[in-house]
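Trainee: Input: one structure, supplied below.
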There are 2 protein chains.
Amino acid sequence: MKIALDAMGGDFAPDAVVEGALLATKTLTDEVEIFLIGDEDQIHSLLQKHGYTGSRVKVVHASQVIGMGEHPTKALTQKPDSSIAVGYGMLATKKVDAFCSAGNTGAMLVGAVFSVKQVEGILRPALASFVPKVSGGMAIMLDVGAIADCKPEILEQFGEIGSICAQYLLDIKNPKVGLMNLGEEEGKGTMVTQPAYKLLKENKGINFIGNIEGRDLFNDKADVIVCDGFTGNVVLKLAESIYDILHEKKITDPFFDRFNYEAVGGSPILGVNGNAVIGHGVSSPTAICNMLHLANKMAETHMADKLRKYFSA
Amino acid sequence: MKIALDAMGGDFAPDAVVEGALLATKTLTDEVEIFLIGDEDQIHSLLQKHGYTGSRVKVVHASQVIGMGEHPTKALTQKPDSSIAVGYGMLATKKVDAFCSAGNTGAMLVGAVFSVKQVEGILRPALASFVPKVSGGMAIMLDVGAIADCKPEILEQFGEIGSICAQYLLDIKNPKVGLMNLGEEEGKGTMVTQPAYKLLKENKGINFIGNIEGRDLFNDKADVIVCDGFTGNVVLKLAESIYDILHEKKITDPFFDRFNYEAVGGSPILGVNGNAVIGHGVSSPTAICNMLHLANKMAETHMADKLRKYFSA
């Protein structure tokens with residue numbers, strides 16, 4: 001398995017990224033090769049600093065970097081040799097099985113559509129996140145920020161995309177799909193969630209269990225949490241802040257510790273013809289290492305191919 | 001001050017309600033009279049059980065009860081002698097200064113518009129909630145479930161309504177108004193939050209500080225959190241579930257303990273010509289007592305009048 005990693009992406013790049021890649025070499029199986037993309041001098045010097053002499057971590061030079069605040073489309077057009085553009089180039093030409101970056105989220109989303117293209121039949125690619133359950137295990141929530149305004153048909157597809165992901169990435173058979181709403185009863189909701197409920201209910205490809213509420217995020221009601229990118233983004237950032245507040249107060253607990261973004265390391269982009277993961281801007285070496293594990297799992301399970309096959313059927 | 005209280009509203013009514021009213025007689029100032037509305041036999045027997053012999057708690061008979069699951073409009077039409085209808089009747093005829101109930105939320109919202117009517121100039125009355133801050137104090141968040149689909153103009157009004165409430169109910173001078181969004185930068189957001197940002201920014205009557213994110217809910221960025229009722233409802237129920245999980249795990253903390261719905265006791269209905277508060281369905285005596293305190297504060301500060309004056313100016 002070959003995974004490309006943007007060495008220049010994230011607030012603590014390239015140091016934290018290189019360190020995270022080296023952590024991953026110790027935990028990923030031997031067949032996994034990591035391609036660090038970015039300024040080769042800086043990367044080689046960091047590898048040397050850490051005394052790395054192996055052959056599983058390779059360096060691919062990219063002369064440009066897309067900054068965290070840059071306009072995605074403009075930056076990708078003006079910087080064809082940026083680490084994100086080079087990474088997606090390798091993914092598009094199948095030189096790697098997955099690409100991940102803790103850099104500019106917008107550029108990662110736009111770059112995916114530019115390079116490997118949207119899966120035919122998918123209305124809009126989504127950004128997903130993993131939500132810890134009090135009982136153990138995880139749920140997948142989508143969208144968490146790629147699409148702020150969602151039509152009912154898009155929410156229906158999130159149910160399908162999330163189901164496939166939950167099956168292969170979380171090993172859940174017949175995953176329960178819940179629609180985030182402001183009440184449990186059918187008929188509750190907005191002009192979007194009301195018709196989305198009907199579409200999800202009629203969809204034979206998924207195991208729709210109905211509406212869920214904000215209080216159900218961490219319980220066992222749903223394995224797939226369907227919501228628009230606005231709601232998902234607010235919820236995700238709120239959950240992260242809870243972890244930060246508890247951490248600040250030195251309250252530790254096995255469940256709440258899993259709210260830490262580091263534990264998962266990234267959000268998969270779902271619905272494009274390639275496996276791509278976006279990491280948190282503040283990614284630490286542990287987060288980078290876990291992002292590589294997630295990218296590897298996506299590659300191992302052929303996630304992008306599975307989605308393509310489902311939607312072309 | 002005279003406050004009407006629906007003795008039949010809530011999962012543990014009338015027992016928990018009567019007990020809560022008696023708790024409030026010990027903490028509210030002597031001038032406050034409480035009117036318990038509902039089945040007089042049941043209420044008198046409960047008052048007797050608690051050995052109450054005072055004159056501050058009065059009983060007003062209502063022969064009907066609107067159940068928690070009943071259709072609001074239908075129930076209000078078919079049950080003119082329900083405790084909710086009688087309560088609003090007293091509020092509309094100014095026999096009381098405030099009315100509160102932990103009963104059917106929909107019936108409380110519809111009943112407010114039926115009886116005391118919407119304030120002229122207000123597009124849609126809102127349901128607000130109070131959010132604890134890590135640094136102490138509270139913010140007011142609206143809407144939390146009355147209006148799922150909000151136009152930008154409605155969100156703008158929430159900023160104005162919330163500002164007035166924060167000033168008088170929370171004693172905050174020049175309250176900071178934040179728009180809940182999926183990014184901080186101007187231009188981020190949905191087809192609703194983007195134009196709402198512009199309206200809020202141009203509104204001279206409020207102190208708009210821009211977008212806030214899910215992670216800012218509990219920090220000091222905003223005293224007034226503006227969001228549509230869908231987002232507010234999801235966020236509120238999520239926060240309540242965090243408290244429940246911590247409680248279950250026996251983790252106590254002064255900040256997180258304030259997530260407990262009991263601490264505030266209710267959500268004010270804002271934008272109608274009367275002071276009304278809706279309590280949580282599971283309200284305990286403590287919650288009922290705190291709901292009465294909130295209703296009293298609304299009456300003392302002439303909240304409904306202040307909103308009417310602002311919007312008629």
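We name chains A, B, ... following the order of the structure tokens; residues begin at 1 in each chain, and ligands are numbered from 1 as shown.
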Least-squares superposition of chain B on chain A, every Cα paired in order: what RMSD, in Å?

Mentor: 0.0 Å

Trainee: Which neighbours of Asn296 of chain B fall inside 12 Å, counting only C-alpha atoms, when residues of the same chain fewer than 3 positions from it are skipped, and could you give them as a PyMOL selection string?

Mentor: chain B and resi 1-5+24-25+27-29+31-34+96-100+169+266+268+275-277+289-293+299-303

Trainee: Where in segment 45-141 of chain B does DSSP assign alpha helix (DSSP H), given as a ChimeraX atom specification?

Mentor: /B:45-49,72-78,83-92,105-115

Trainee: Enumerate as a PDB file with C-alpha atoms, in the first residue's frame the residues belonging to chain B that approach chain A to within 6 Å, with only C-alpha atoms taken into account.

Mentor:
ATOM      1  CA  ALA B 148     -36.899  25.338  12.271  1.00  0.00           C
ATOM      2  CA  ASP B 149     -36.603  27.302   9.018  1.00  0.00           C
ATOM      3  CA  LEU B 182     -19.437  27.092  10.240  1.00  0.00           C
ATOM      4  CA  THR B 190     -25.417  28.960   4.297  1.00  0.00           C
ATOM      5  CA  GLY B 214     -19.568  25.474  17.678  1.00  0.00           C
ATOM      6  CA  ARG B 215     -16.407  25.719  19.768  1.00  0.00           C
ATOM      7  CA  PHE B 230     -32.995  23.556  14.174  1.00  0.00           C
ATOM      8  CA  ASN B 233     -32.353  22.563  19.304  1.00  0.00           C
ATOM      9  CA  VAL B 234     -29.619  20.113  18.267  1.00  0.00           C
ATOM     10  CA  LYS B 237     -30.027  18.641  23.434  1.00  0.00           C
ATOM     11  CA  LEU B 238     -26.395  17.745  22.761  1.00  0.00           C
ATOM     12  CA  SER B 241     -26.659  14.813  26.923  1.00  0.00           C
TER      13      SER B 241
END

Trainee: Mind giving me the straight-line distance from atom CA of Glu262 of chain A to atom CA of Ala222 of chain B in Å, one decimal?

Mentor: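 Here the two named atoms are 27.8 Å from each other.
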
Trainee: Report the residues of segment 190-288 of chain A whose backbone DSSP state falls under strand (DSSP E), written as a PyMOL selection string.

Mentor: chain A and resi 207-212+224-226+267-270+275-278

Trainee: Would you please work out which residue, of B:Ala112, B:Val17, B:Leu307, B:Ala75, is nearest to Phe158 of chain B when using only C-alpha atoms?

Mentor: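 Once distances to Phe158 of chain B are computed over only C-alpha atoms, the minimum belongs to B:Leu307.
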
Trainee: Write out as a PyMOL selection string each polymer residue whose atoms come within 9 Å of Val264 of chain B, counting only C-alpha atoms; drop sequence neighbours fewer than 3 positions from it.

Mentor: chain B and resi 129-130+258+260-261+267+287+290-291+293-294

Trainee: Using the selection just defined, write its residues with N, CA and C atoms as a short mmCIF file (atom, residue, chain, number, x, y, z; two decimals), in the first residue's frame.

Mentor:
data_model
loop_
_atom_site.label_atom_id
_atom_site.label_comp_id
_atom_site.auth_asym_id
_atom_site.auth_seq_id
_atom_site.Cartn_x
_atom_site.Cartn_y
_atom_site.Cartn_z
N SER B 129 -32.85 29.92 25.20
CA SER B 129 -32.29 29.09 26.26
C SER B 129 -31.04 29.76 26.79
N PHE B 130 -30.66 29.42 28.01
CA PHE B 130 -29.49 30.03 28.60
C PHE B 130 -28.34 29.04 28.59
N ARG B 258 -23.74 23.10 35.58
CA ARG B 258 -24.67 24.15 35.14
C ARG B 258 -25.34 23.79 33.80
N ASN B 260 -27.06 21.24 33.60
CA ASN B 260 -28.28 20.62 34.08
C ASN B 260 -29.47 21.55 33.81
N TYR B 261 -30.47 21.03 33.14
CA TYR B 261 -31.63 21.85 32.78
C TYR B 261 -32.28 22.43 34.03
N SER B 267 -37.36 27.89 29.30
CA SER B 267 -37.03 28.69 28.12
C SER B 267 -38.09 29.76 27.93
N ALA B 287 -36.42 22.26 39.25
CA ALA B 287 -36.58 22.90 37.94
C ALA B 287 -37.80 23.82 37.94
N ASN B 290 -37.02 26.96 39.79
CA ASN B 290 -36.19 27.87 39.01
C ASN B 290 -36.95 28.47 37.84
N MET B 291 -37.92 27.73 37.31
CA MET B 291 -38.76 28.28 36.23
C MET B 291 -39.57 29.46 36.78
N HIS B 293 -38.69 31.40 39.23
CA HIS B 293 -37.75 32.51 39.40
C HIS B 293 -37.52 33.23 38.07
N LEU B 294 -37.38 32.45 36.98
CA LEU B 294 -37.18 33.05 35.66
C LEU B 294 -38.42 33.85 35.24
#

Trainee: Report the distance between atom CA of Lys151 of chain B and atom CA of Ala196 of chain B in Å, rounded to one decimal place.

Mentor: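 The value is 8.0 Å.
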
Trainee: Hey, what's within 10 Å of segment 152-156 of chain A if we count only C-alpha atoms and toss same-chain stuff fewer than 5 positions away? As a list in words, please?

Mentor: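 My reading of the contact set: Ile122, Leu123, Arg124, Pro125, Ala126, Leu142, Asp143, Ile147, Ile161, Gly162, Leu179, Met191, Val192, Thr193, Gln194, Pro195, Ala196, Tyr197, Lys198, Leu199, Leu200, Lys201, Glu202, Asn203, Ile206, Val226, Cys227, Asp228 and Gly229 of chain A.
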
Trainee: What separation in Å, quoted to one decimal, exists between atom CA of Val224 of chain B and atom CA of Val177 of chain B?

Mentor: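 These two atoms are separated by 4.6 Å.
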